[in-house]
$ cat work.txt   # compact mmCIF, C-alpha atoms
# COMPACT_ATOMS: atom_id res chain seq x y z
CA MET H 1 -90.60 60.58 133.51
CA SER H 2 -89.30 58.89 136.66
CA TRP H 3 -88.15 55.81 134.72
CA MET H 4 -86.35 58.06 132.24
CA ARG H 5 -84.55 59.79 135.11
CA GLY H 6 -83.65 56.40 136.53
CA ILE H 7 -82.16 55.29 133.22
CA SER H 8 -80.26 58.58 132.96
CA CYS H 9 -78.85 58.11 136.49
CA ARG H 10 -77.73 54.58 135.67
CA ILE H 11 -76.08 55.76 132.47
CA ARG H 12 -74.22 58.50 134.34
CA ALA H 13 -73.20 56.11 137.11
CA GLY H 14 -71.92 53.61 134.55
CA ARG H 15 -70.01 56.32 132.72
CA ALA H 16 -68.45 57.50 136.00
CA ALA H 17 -67.47 53.93 136.86
CA ARG H 18 -65.82 53.49 133.45
CA ILE H 19 -63.96 56.78 133.83
CA ARG H 20 -62.68 55.74 137.28
CA TRP H 21 -61.65 52.37 135.89
CA ARG H 22 -59.75 53.98 132.99
CA ALA H 23 -58.00 56.30 135.45
CA ASP H 24 -57.09 53.31 137.65
CA MET H 25 -55.74 51.43 134.65
CA GLU H 26 -53.66 54.43 133.51
CA ARG H 27 -52.14 54.75 136.99
CA TYR H 28 -51.57 51.00 137.13
CA LYS H 29 -49.81 50.94 133.74
CA ALA H 30 -47.63 53.93 134.67
CA ALA H 31 -46.72 52.38 138.04
CA ARG H 32 -45.98 49.01 136.44
CA LYS H 33 -43.77 50.65 133.81
CA GLU H 34 -41.89 52.57 136.50
CA ALA H 35 -41.50 49.40 138.61
CA ARG H 36 -40.06 47.49 135.65
CA ARG H 37 -37.68 50.35 134.86
CA THR H 38 -36.40 50.63 138.43
CA GLY H 39 -36.64 46.95 139.33
CA GLY H 40 -39.18 47.54 142.09
CA LYS H 41 -42.31 45.64 143.04
CA GLU H 42 -45.11 45.80 140.50
CA PRO H 43 -48.48 47.13 141.75
CA GLU H 44 -51.56 44.97 141.91
CA ASP H 45 -53.89 44.95 138.92
CA PRO H 46 -57.07 46.90 139.80
CA GLY H 47 -59.07 44.63 137.49
CA PRO H 48 -62.18 45.55 135.51
CA PRO H 49 -64.98 47.50 137.17
CA PRO H 50 -67.76 45.33 138.63
CA THR H 51 -70.96 45.46 136.55
CA GLY H 52 -74.11 43.46 136.06
CA PHE H 53 -72.50 41.62 133.14
CA SER H 54 -70.67 39.41 135.64
CA LEU H 55 -74.02 38.01 136.85
CA LEU H 56 -75.69 37.50 133.46
CA PRO H 57 -74.17 34.04 132.70
CA TRP H 58 -76.17 32.57 135.60
CA LEU H 59 -79.29 32.99 133.48
CA LEU H 60 -78.18 29.81 131.73
CA MET H 61 -79.70 27.97 134.72
CA GLY H 62 -83.05 28.69 133.08
CA MET H 63 -82.15 26.88 129.86
CA GLY H 64 -83.91 23.73 131.11
CA SER H 65 -87.17 25.63 131.47
CA PHE H 66 -86.74 27.21 128.04
CA SER H 67 -86.13 23.75 126.58
CA ASN H 68 -89.33 22.47 128.17
CA LEU H 69 -91.26 25.29 126.55
CA LEU H 70 -89.79 24.52 123.12
CA GLN H 71 -90.59 20.84 123.50
CA GLY H 72 -94.12 21.56 124.71
CA LYS H 73 -93.75 19.49 127.86
CA GLY H 74 -95.64 21.94 130.06
CA ALA H 75 -99.19 23.25 129.99
CA ASN H 76 -99.88 26.79 128.83
CA PRO H 77 -96.49 27.34 127.11
CA TRP H 78 -97.40 30.93 126.28
CA LEU H 79 -97.99 31.69 129.95
CA GLY H 80 -94.69 29.98 130.86
CA GLY H 81 -92.87 31.91 128.15
CA LEU H 82 -94.34 35.18 129.39
CA GLY H 83 -93.26 34.32 132.95
CA LEU H 84 -89.77 33.38 131.76
CA PHE H 85 -89.45 36.65 129.83
CA ALA H 86 -90.69 38.68 132.81
CA PHE H 87 -88.30 36.93 135.23
CA ASN H 88 -85.26 37.40 132.96
CA SER H 89 -86.11 41.05 132.35
CA LEU H 90 -86.48 41.76 136.07
CA TYR H 91 -83.29 39.83 136.81
CA ILE H 92 -81.28 41.92 134.33
CA TYR H 93 -82.85 45.12 135.68
CA VAL H 94 -82.01 44.21 139.30
CA VAL H 95 -78.42 42.99 138.82
CA PHE H 96 -77.39 46.05 136.82
CA ARG H 97 -78.77 48.34 139.52
CA ALA H 98 -77.04 46.29 142.23
CA PHE H 99 -73.63 47.81 141.44
CA VAL H 100 -74.74 51.42 142.02
CA LYS H 101 -75.39 52.07 145.71
CA GLU H 102 -78.07 54.72 145.20
CA ALA H 103 -79.93 52.56 142.66
CA ARG H 104 -79.49 49.42 144.76
CA GLU H 105 -81.15 51.03 147.77
CA ALA H 106 -83.93 52.69 145.77
CA ARG H 107 -87.53 51.52 146.05
CA PRO H 108 -87.92 50.42 142.38
CA THR H 109 -85.12 47.88 142.87
CA ARG H 110 -86.81 46.38 145.94
CA VAL H 111 -90.17 46.30 144.13
CA ALA H 112 -88.57 44.50 141.17
CA LEU H 113 -87.05 41.98 143.61
CA VAL H 114 -90.46 41.30 145.17
CA LEU H 115 -92.00 40.83 141.71
CA MET H 116 -89.23 38.36 140.90
CA GLY H 117 -90.15 36.41 144.03
CA LEU H 118 -93.83 36.27 143.07
CA ILE H 119 -93.06 35.16 139.52
CA THR H 120 -90.61 32.52 140.79
CA CYS H 121 -93.20 31.07 143.16
CA GLY H 122 -95.84 31.06 140.45
CA LEU H 123 -93.63 29.33 137.88
CA ALA H 124 -92.29 26.82 140.42
CA LEU H 125 -95.78 25.89 141.68
CA GLY H 126 -97.23 25.75 138.19
CA TYR H 127 -94.53 23.78 136.39
CA GLY H 128 -92.11 22.28 138.96
CA GLY H 129 -89.08 20.36 137.68
CA SER H 130 -86.34 22.56 136.21
CA TRP H 131 -88.47 25.64 136.93
CA LEU H 132 -87.54 25.23 140.60
CA TYR H 133 -84.01 26.40 139.80
CA PHE H 134 -85.27 29.93 139.46
CA PHE H 135 -85.07 30.06 143.26
CA PRO H 136 -81.22 30.03 143.26
CA LEU H 137 -81.35 32.77 140.61
CA LEU H 138 -83.69 34.75 142.83
CA GLY H 139 -81.24 34.21 145.71
CA LEU H 140 -78.38 35.48 143.58
CA ALA H 141 -80.27 38.68 142.72
CA THR H 142 -81.25 39.08 146.38
CA GLY H 143 -77.64 38.72 147.53
CA ALA H 144 -76.53 41.28 144.95
CA VAL H 145 -79.04 43.86 146.20
CA LEU H 146 -79.35 43.34 149.96
CA ARG H 147 -76.49 44.18 152.33
CA GLY H 148 -76.28 44.63 156.07
CA ARG H 149 -78.53 43.32 158.80
CA TRP H 150 -81.49 42.41 156.53
CA LEU H 151 -79.42 40.01 154.45
CA GLY H 152 -79.41 37.11 156.93
CA ARG H 153 -83.12 37.30 157.67
CA THR H 154 -84.08 37.64 154.05
CA GLY H 155 -81.73 34.83 153.02
CA LEU H 156 -83.24 32.45 155.59
CA ALA H 157 -86.81 33.42 154.67
CA LEU H 158 -86.07 32.88 150.97
CA THR H 159 -84.48 29.51 151.72
CA VAL H 160 -87.53 28.40 153.73
CA LEU H 161 -89.82 29.54 150.92
CA ALA H 162 -87.78 27.67 148.32
CA ALA H 163 -87.77 24.55 150.49
CA ALA H 164 -91.54 24.68 151.02
CA VAL H 165 -92.40 25.16 147.34
CA SER H 166 -89.85 22.58 146.21
CA THR H 167 -91.08 20.02 148.75
CA TYR H 168 -94.60 20.46 147.43
CA ARG H 169 -93.49 19.92 143.84
CA ALA H 170 -90.43 17.63 144.06
CA GLY H 171 -90.27 15.93 147.45
CA TRP H 172 -86.75 15.23 148.73
CA ASP H 173 -85.15 17.03 145.77
CA ALA H 174 -86.15 20.21 147.59
CA ILE H 175 -82.96 19.92 149.65
CA ASN H 176 -80.82 20.75 146.61
CA VAL H 177 -82.98 23.72 145.67
CA ALA H 178 -83.06 25.10 149.21
CA TYR H 179 -79.29 24.63 149.64
CA GLY H 180 -78.58 26.26 146.28
CA THR H 181 -80.85 29.19 147.14
CA PHE H 182 -79.19 29.83 150.50
CA LEU H 183 -75.68 29.41 149.06
CA SER H 184 -76.24 31.70 146.08
CA THR H 185 -77.74 34.41 148.31
CA MET H 186 -74.99 34.46 150.92
CA VAL H 187 -72.00 33.84 148.67
CA THR H 188 -73.05 36.52 146.17
CA ALA H 189 -73.57 39.08 148.94
CA ALA H 190 -70.23 38.18 150.55
CA ILE H 191 -68.24 38.37 147.30
CA LEU H 192 -69.78 41.64 146.15
CA SER H 193 -69.44 43.22 149.61
CA LEU H 194 -65.78 42.18 149.78
CA SER H 195 -65.13 43.52 146.28
CA GLU H 196 -66.79 46.82 147.17
CA ALA H 197 -64.81 47.06 150.41
CA VAL H 198 -61.53 46.40 148.59
CA ARG H 199 -62.24 49.12 146.06
CA GLU H 200 -63.25 51.57 148.77
CA LEU H 201 -60.05 50.80 150.67
CA ARG H 202 -57.99 51.31 147.52
CA ASP H 203 -59.71 54.66 146.89
CA ALA H 204 -59.17 55.65 150.53
CA ARG H 205 -55.50 54.69 150.32
CA GLU H 206 -55.04 56.80 147.21
CA GLU H 207 -56.85 59.72 148.83
CA LEU H 208 -54.70 59.45 151.96
CA ALA H 209 -51.55 59.35 149.83
CA ARG H 210 -52.69 62.41 147.90
CA ARG H 211 -53.48 64.30 151.11
CA ALA H 212 -50.15 63.28 152.63
CA VAL H 213 -48.30 64.68 149.61
CA GLU H 214 -50.36 67.87 149.74
CA LYS H 215 -49.77 68.24 153.49
CA GLU H 216 -46.03 67.72 153.09
CA ARG H 217 -45.93 70.26 150.25
CA MET H 218 -47.73 72.82 152.41
CA ARG H 219 -45.46 72.08 155.37
CA PHE H 220 -42.34 72.56 153.32
CA SER H 221 -43.74 75.73 151.73
CA ARG H 222 -44.50 77.25 155.16
CA ASP H 223 -41.16 76.19 156.61
CA LEU H 224 -39.23 77.54 153.66
CA HIS H 225 -41.08 80.85 153.78
CA ASP H 226 -40.61 81.27 157.52
CA LEU H 227 -36.98 80.17 157.49
CA LEU H 228 -35.77 82.17 154.50
CA GLY H 229 -37.90 85.24 155.22
CA HIS H 230 -36.49 85.63 158.70
CA THR H 231 -32.92 84.63 157.82
CA LEU H 232 -32.64 86.96 154.83
CA SER H 233 -34.11 89.82 156.84
CA VAL H 234 -31.54 89.26 159.60
CA ILE H 235 -28.71 89.08 157.06
CA VAL H 236 -29.87 92.32 155.41
CA VAL H 237 -30.19 94.13 158.74
CA LYS H 238 -26.81 92.97 160.01
CA SER H 239 -25.18 93.82 156.67
CA GLU H 240 -26.56 97.34 156.94
CA ALA H 241 -25.29 97.55 160.52
CA ALA H 242 -21.83 96.34 159.44
CA ARG H 243 -21.72 98.91 156.64
CA ARG H 244 -22.83 101.63 159.06
CA LEU H 245 -20.27 100.68 161.73
CA ALA H 246 -17.31 100.01 159.45
CA PRO H 247 -16.08 103.66 159.10
CA ARG H 248 -16.01 104.31 162.87
CA ASP H 249 -15.84 100.94 164.66
CA LEU H 250 -14.21 98.18 162.65
CA ASP H 251 -14.36 95.64 165.50
CA ALA H 252 -18.12 96.09 165.88
CA ALA H 253 -18.53 95.79 162.10
CA LEU H 254 -16.51 92.57 162.09
CA ALA H 255 -18.71 91.27 164.89
CA GLN H 256 -21.76 91.89 162.70
CA VAL H 257 -20.07 90.10 159.79
CA THR H 258 -19.33 87.17 162.10
CA ASP H 259 -23.00 87.11 163.06
CA ILE H 260 -23.95 87.10 159.37
CA GLU H 261 -21.73 84.06 158.81
CA ALA H 262 -23.27 82.28 161.80
CA VAL H 263 -26.81 83.12 160.61
CA GLY H 264 -26.00 81.78 157.15
CA ARG H 265 -24.61 78.51 158.49
CA GLN H 266 -27.58 78.10 160.80
CA ALA H 267 -29.93 78.75 157.86
CA LEU H 268 -28.29 75.95 155.87
CA THR H 269 -28.79 73.57 158.79
CA GLU H 270 -32.42 74.60 159.24
CA ILE H 271 -33.19 74.20 155.54
CA ARG H 272 -31.74 70.68 155.59
CA GLU H 273 -33.90 69.91 158.63
CA ALA H 274 -36.95 71.40 156.94
CA VAL H 275 -36.38 69.26 153.84
CA THR H 276 -36.19 66.07 155.90
CA GLY H 277 -39.04 67.15 158.20
CA TYR H 278 -37.00 66.84 161.39
CA ARG H 279 -36.80 70.46 162.41
CA GLU H 280 -37.89 71.17 166.00
CA GLY H 281 -37.94 74.81 167.01
CA SER H 282 -37.03 76.23 170.41
CA LEU H 283 -38.61 79.31 171.91
CA ALA H 284 -35.46 80.24 173.85
CA THR H 285 -33.35 80.03 170.69
CA GLU H 286 -35.80 82.16 168.73
CA LEU H 287 -35.90 84.75 171.51
CA ASP H 288 -32.10 85.02 171.45
CA ARG H 289 -32.15 85.47 167.69
CA ALA H 290 -34.95 88.01 168.01
CA ARG H 291 -32.86 90.08 170.43
CA SER H 292 -29.90 90.00 168.04
CA ALA H 293 -31.99 90.91 164.98
CA LEU H 294 -33.86 93.72 166.73
CA SER H 295 -30.70 95.19 168.21
CA ALA H 296 -29.00 95.18 164.80
CA ALA H 297 -32.04 97.01 163.38
CA ARG H 298 -31.83 99.65 166.16
CA VAL H 299 -34.99 98.34 167.83
CA GLU H 300 -34.91 97.93 171.62
CA PRO H 301 -35.99 94.34 172.53
CA VAL H 302 -37.93 93.76 175.75
CA VAL H 303 -38.67 90.12 176.59
CA ARG H 304 -40.84 88.99 179.51
CA LEU H 305 -41.39 85.32 180.38
CA SER H 306 -43.73 83.90 183.00
CA GLY H 307 -46.06 80.98 183.56
CA ALA H 308 -45.77 77.22 183.16
CA PRO H 309 -42.98 75.49 181.25
CA LEU H 310 -44.01 74.55 177.74
CA THR H 311 -44.04 71.27 175.87
CA PRO H 312 -41.66 70.93 172.88
CA GLN H 313 -44.59 71.26 170.47
CA SER H 314 -45.80 74.49 172.08
CA GLU H 315 -42.25 75.88 172.15
CA ALA H 316 -41.82 75.10 168.46
CA LEU H 317 -45.11 76.79 167.52
CA LEU H 318 -44.45 79.90 169.59
CA GLY H 319 -40.92 79.99 168.19
CA TRP H 320 -42.38 80.24 164.69
CA VAL H 321 -44.60 83.11 165.87
CA VAL H 322 -41.64 85.00 167.36
CA ARG H 323 -39.62 84.50 164.19
CA GLU H 324 -42.36 85.75 161.86
CA ALA H 325 -43.49 88.64 164.07
CA VAL H 326 -39.93 89.91 164.65
CA THR H 327 -39.18 89.61 160.92
CA ASN H 328 -42.16 91.85 160.21
CA VAL H 329 -41.05 94.31 162.88
CA VAL H 330 -37.59 94.54 161.34
CA ARG H 331 -38.86 94.85 157.78
CA HIS H 332 -42.03 96.92 158.08
CA SER H 333 -42.48 98.66 161.43
CA ASP H 334 -40.11 101.67 161.58
CA ALA H 335 -40.23 101.01 165.34
CA ASP H 336 -37.59 101.67 167.98
CA ARG H 337 -39.04 99.33 170.63
CA CYS H 338 -40.45 95.80 170.52
CA GLU H 339 -41.96 93.93 173.47
CA ILE H 340 -42.23 90.13 173.50
CA THR H 341 -44.35 88.74 176.35
CA VAL H 342 -45.00 85.09 177.15
CA ASP H 343 -47.36 84.35 180.05
CA GLY H 344 -49.95 81.84 181.19
CA VAL H 345 -53.60 82.92 181.23
CA LEU H 346 -55.84 80.38 183.00
CA ASP H 347 -55.63 77.25 180.86
CA ARG H 348 -53.86 78.90 177.92
CA ILE H 349 -50.42 80.25 177.16
CA ARG H 350 -50.25 83.60 175.41
CA LEU H 351 -47.46 85.14 173.35
CA THR H 352 -47.68 88.82 172.41
CA VAL H 353 -45.28 90.71 170.15
CA THR H 354 -45.93 94.46 170.13
CA ASP H 355 -44.00 97.32 168.55
CA ASN H 356 -44.43 101.10 168.61
CA GLY H 357 -43.81 101.63 164.92
CA THR H 358 -45.81 103.32 162.19
CA GLY H 359 -44.98 101.02 159.28
CA THR H 360 -47.81 99.84 157.00
CA GLY H 361 -46.17 97.05 155.02
CA THR H 362 -48.46 94.53 153.37
CA PRO H 363 -47.90 91.68 155.85
CA ARG H 364 -48.91 93.97 158.71
CA THR H 365 -52.21 95.33 157.40
CA GLY H 366 -55.62 93.87 158.06
CA PRO H 367 -58.34 93.80 160.70
CA ALA H 368 -57.65 93.10 164.32
CA ASP H 369 -58.71 89.46 164.14
CA GLY H 370 -57.37 88.77 160.70
CA VAL H 371 -54.05 87.77 159.25
CA GLY H 372 -51.82 89.58 156.87
CA GLY H 373 -49.24 88.06 154.57
CA THR H 374 -48.35 84.52 153.68
CA GLY H 375 -46.28 83.98 156.83
CA LEU H 376 -49.08 84.99 159.19
CA LYS H 377 -51.56 82.82 157.30
CA GLY H 378 -49.20 79.89 157.66
CA LEU H 379 -48.90 80.59 161.40
CA THR H 380 -52.68 80.71 161.72
CA GLU H 381 -52.90 77.24 160.15
CA ARG H 382 -50.15 75.87 162.42
CA LEU H 383 -51.80 77.20 165.58
CA ALA H 384 -55.30 76.13 164.56
CA THR H 385 -54.05 72.57 164.12
CA ALA H 386 -52.86 72.60 167.76
CA GLY H 387 -56.09 74.15 169.05
CA GLY H 388 -54.66 77.66 169.23
CA SER H 389 -55.38 81.00 167.58
CA LEU H 390 -53.58 84.03 166.14
CA ARG H 391 -54.73 87.66 166.19
CA THR H 392 -53.00 90.55 164.50
CA GLY H 393 -53.76 94.23 164.21
CA PRO H 394 -52.98 97.72 165.48
CA SER H 395 -52.05 97.95 169.15
CA PRO H 396 -54.20 100.17 171.44
CA ARG H 397 -51.01 101.98 172.50
CA GLY H 398 -49.92 102.51 168.92
CA GLY H 399 -47.88 100.33 166.64
CA PHE H 400 -48.75 96.75 165.72
CA SER H 401 -49.49 93.66 167.80
CA VAL H 402 -49.38 89.90 167.15
CA THR H 403 -51.02 87.66 169.77
CA ALA H 404 -50.84 83.87 169.72
CA GLU H 405 -52.63 81.59 172.17
CA LEU H 406 -52.21 77.85 172.80
CA PRO H 407 -53.74 75.42 175.32
CA VAL H 408 -51.58 74.86 178.39
CA GLU H 409 -50.35 71.26 178.45
CA SER H 410 -48.32 71.45 181.67
CA ALA H 411 -49.39 72.77 185.07
CA ASP H 412 -45.87 73.08 186.50
CA LEU H 413 -45.01 76.66 187.32
CA ALA H 414 -41.78 78.27 186.22
CA PRO H 415 -40.09 81.30 187.78
CA SER H 416 -40.67 84.62 186.13
CA ALA H 417 -37.90 86.21 184.18
CA VAL H 418 -37.48 89.63 182.70
CA SER H 419 -34.85 90.35 180.11
CA THR H 420 -34.23 93.61 178.39
CA GLY H 421 -31.71 93.65 175.60
CA PRO H 422 -29.46 96.65 174.99
CA ARG H 423 -30.26 99.11 172.28
CA GLU H 424 -27.43 99.58 169.82
CA PRO H 425 -26.50 103.18 169.15
$ encode --input "work.txt" --output "structure tokens"
Amino acid sequence: MSWMRGISCRIRAGRAARIRWRADMERYKAARKEARRTGGKEPEDPGPPPTGFSLLPWLLMGMGSFSNLLQGKGANPWLGGLGLFAFNSLYIYVVFRAFVKEAREARPTRVALVLMGLITCGLALGYGGSWLYFFPLLGLATGAVLRGRWLGRTGLALTVLAAAVSTYRAGWDAINVAYGTFLSTMVTAAILSLSEAVRELRDAREELARRAVEKERMRFSRDLHDLLGHTLSVIVVKSEAARRLAPRDLDAALAQVTDIEAVGRQALTEIREAVTGYREGSLATELDRARSALSAARVEPVVRLSGAPLTPQSEALLGWVVREAVTNVVRHSDADRCEITVDGVLDRIRLTVTDNGTGTGTPRTGPADGVGGTGLKGLTERLATAGGSLRTGPSPRGGFSVTAELPVESADLAPSAVSTGPREP
């Protein structure tokens, strides 16, 4: 049953190799067609998949021995024919398993290689002459199977063995046999190892390209969600404030309309930056926008800053947190007060956004250590990439709290600052 499982594994491995080759060829043809249409550089041909068929023509080196058997030049032709059949069968078995890593490193392959060595020595000692050229064939099969640190030792041992047997049977002609054995072993191993490395590098390059595209798609999706979600919420809130103020204070309403225009223009700029991947956020800018958005929504903003100055990366990440958390406060909290605190705690910087509302919108529900909607999940991924964390949930004092933590990357202290924005009537 074990040999049947081995055959089944080889069949599956061969089928997988053919499927990968067909996929490579389809991609190659599509890329070549696109390159010809656009006048670009054509991709390299992936070539056929490596299989044992590429090593079968070397069996023709045994034609001299087969001819001797047909002409009856050697004693015991039936024994020589049986040895020739056994060697060729083992050779085919070994070289076809050599192109599947699991089969190449399996014990049956090594046992078959040892049997080939015994048969080669027996045929060479018994018949000599052209039968000595089975040693280079044995070296070729050995180079196809062995890789790594054992290759050099085994290649030298096989060369010494071939030289000793050939010297006993053919004298100085043993030099050619020994040289051919060493050359076939090392060159075969080098070529197959290089071919395998090239294919692995090509697969790795394709995988890296696929992951880069996926990462860029996720980045743009998060940026677009965070940008548009916050911007549209601010526009809606300020539009409502303008409509509410228009009957009794036209100047204040016009000020809100002016803010809406500025928010819209800024949103266009940010979307262009998000598309090109060059957007760098600023915590101070996001805090100013948070004050404006909260005030327009009749929520009193309270901002407290303390601790070490932040790196641009940390500022950008915390800016995203402020933007998303304040957007949720405006849209879902029904709060009249929102506190934003940034302070250093030991070796970490902590940002907390807390409101006193009672809203239960979807993005704000969930356990204390979980995340809510798409925006908070995106923030969790951003912070985790930088070694930080995000916690959301009900605040002990009532309302809802969002806490983000990041490692401190600067030990310089900054002066504390407290800023409380006015509450609009």
$ atom_distance --input "work.txt" --atom1 "CA of Leu294 in chain H" --atom2 "CA of Thr269 in chain H"
22.2 Å
$ atom_distance --input "work.txt" --atom1 "CA of Val187 in chain H" --atom2 "CA of Leu138 in chain H"
13.1 Å
$ residues_around --input "work.txt" --residues "Ala144 in chain H" --least-positions-apart "2" --cutoff "8 Å" --atoms "only C-alpha atoms" --output "list of chain:residue names"
H:Val95, H:Ala98, H:Phe99, H:Leu140, H:Ala141, H:Thr142, H:Leu146, H:Arg147, H:Thr185, H:Thr188, H:Ala189, H:Leu192
$ write_last_selection --input "work.txt" --atoms "C-alpha atoms" --output "short mmCIF file (atom, residue, chain, number, x, y, z; two decimals), in the coordinates of the input"
data_model
loop_
_atom_site.label_atom_id
_atom_site.label_comp_id
_atom_site.auth_asym_id
_atom_site.auth_seq_id
_atom_site.Cartn_x
_atom_site.Cartn_y
_atom_site.Cartn_z
CA VAL H 95 -78.42 42.99 138.82
CA ALA H 98 -77.04 46.29 142.23
CA PHE H 99 -73.63 47.81 141.44
CA LEU H 140 -78.38 35.48 143.58
CA ALA H 141 -80.27 38.68 142.72
CA THR H 142 -81.25 39.08 146.38
CA LEU H 146 -79.35 43.34 149.96
CA ARG H 147 -76.49 44.18 152.33
CA THR H 185 -77.74 34.41 148.31
CA THR H 188 -73.05 36.52 146.17
CA ALA H 189 -73.57 39.08 148.94
CA LEU H 192 -69.78 41.64 146.15
#
$ residues_around --input "work.txt" --residues "Gly62 in chain H" --least-positions-apart "2" --cutoff "12 Å" --atoms "all atoms listed in the file" --output "compact mmCIF listing (two decimals) with C-alpha atoms, keeping the file's coordinate frame"
# COMPACT_ATOMS: atom_id res chain seq x y z
CA LEU H 56 -75.69 37.50 133.46
CA PRO H 57 -74.17 34.04 132.70
CA TRP H 58 -76.17 32.57 135.60
CA LEU H 59 -79.29 32.99 133.48
CA LEU H 60 -78.18 29.81 131.73
CA GLY H 64 -83.91 23.73 131.11
CA SER H 65 -87.17 25.63 131.47
CA PHE H 66 -86.74 27.21 128.04
CA SER H 67 -86.13 23.75 126.58
CA ASN H 68 -89.33 22.47 128.17
CA LEU H 69 -91.26 25.29 126.55
CA GLY H 80 -94.69 29.98 130.86
CA GLY H 81 -92.87 31.91 128.15
CA GLY H 83 -93.26 34.32 132.95
CA LEU H 84 -89.77 33.38 131.76
CA PHE H 85 -89.45 36.65 129.83
CA PHE H 87 -88.30 36.93 135.23
CA ASN H 88 -85.26 37.40 132.96
CA TYR H 91 -83.29 39.83 136.81
CA THR H 120 -90.61 32.52 140.79
CA LEU H 123 -93.63 29.33 137.88
CA ALA H 124 -92.29 26.82 140.42
CA GLY H 129 -89.08 20.36 137.68
CA SER H 130 -86.34 22.56 136.21
CA TRP H 131 -88.47 25.64 136.93
CA LEU H 132 -87.54 25.23 140.60
CA TYR H 133 -84.01 26.40 139.80
CA PHE H 134 -85.27 29.93 139.46
CA PHE H 135 -85.07 30.06 143.26
CA PRO H 136 -81.22 30.03 143.26
CA LEU H 137 -81.35 32.77 140.61
CA LEU H 138 -83.69 34.75 142.83
$ atom_distance --input "work.txt" --atom1 "CA of Arg289 in chain H" --atom2 "CA of Ser389 in chain H"
23.7 Å
$ residues_around --input "work.txt" --residues "Glu261 in chain H" --least-positions-apart "6" --cutoff "10 Å" --atoms "all atoms listed in the file" --output "list in words"
Ile235, Ala255 and Ala267 of chain H
$ residues_around --input "work.txt" --residues "range 163-170 of chain H" --least-positions-apart "5" --cutoff "7 Å" --atoms "all atoms listed in the file" --output "ChimeraX atom specification"
/H:125,128,132,175,177-178
$ closest_atom_pairs --input "work.txt" --of "range 281-380 of chain H" --to "range 400-406 of chain H" --cutoff "6 Å" --atoms "all atoms listed in the file" --output "Markdown table"
| residue | atom | partner | partner_atom | distance |
| --- | --- | --- | --- | --- |
| H:Arg348 | CA | H:Leu406 | CA | 5.5 |
| H:Ile349 | CA | H:Leu406 | CA | 5.3 |
| H:Arg350 | CA | H:Glu405 | CA | 4.5 |
| H:Leu351 | CA | H:Ala404 | CA | 5.1 |
| H:Thr352 | CA | H:Thr403 | CA | 4.4 |
| H:Val353 | CA | H:Val402 | CA | 5.1 |
| H:Thr354 | CA | H:Ser401 | CA | 4.3 |
| H:Asp355 | CA | H:Phe400 | CA | 5.6 |
$ residues_around --input "work.txt" --residues "Val329 in chain H" --least-positions-apart "4" --cutoff "8 Å" --atoms "only C-alpha atoms" --output "PyMOL selection string"
chain H and resi 325+333-335+338+355
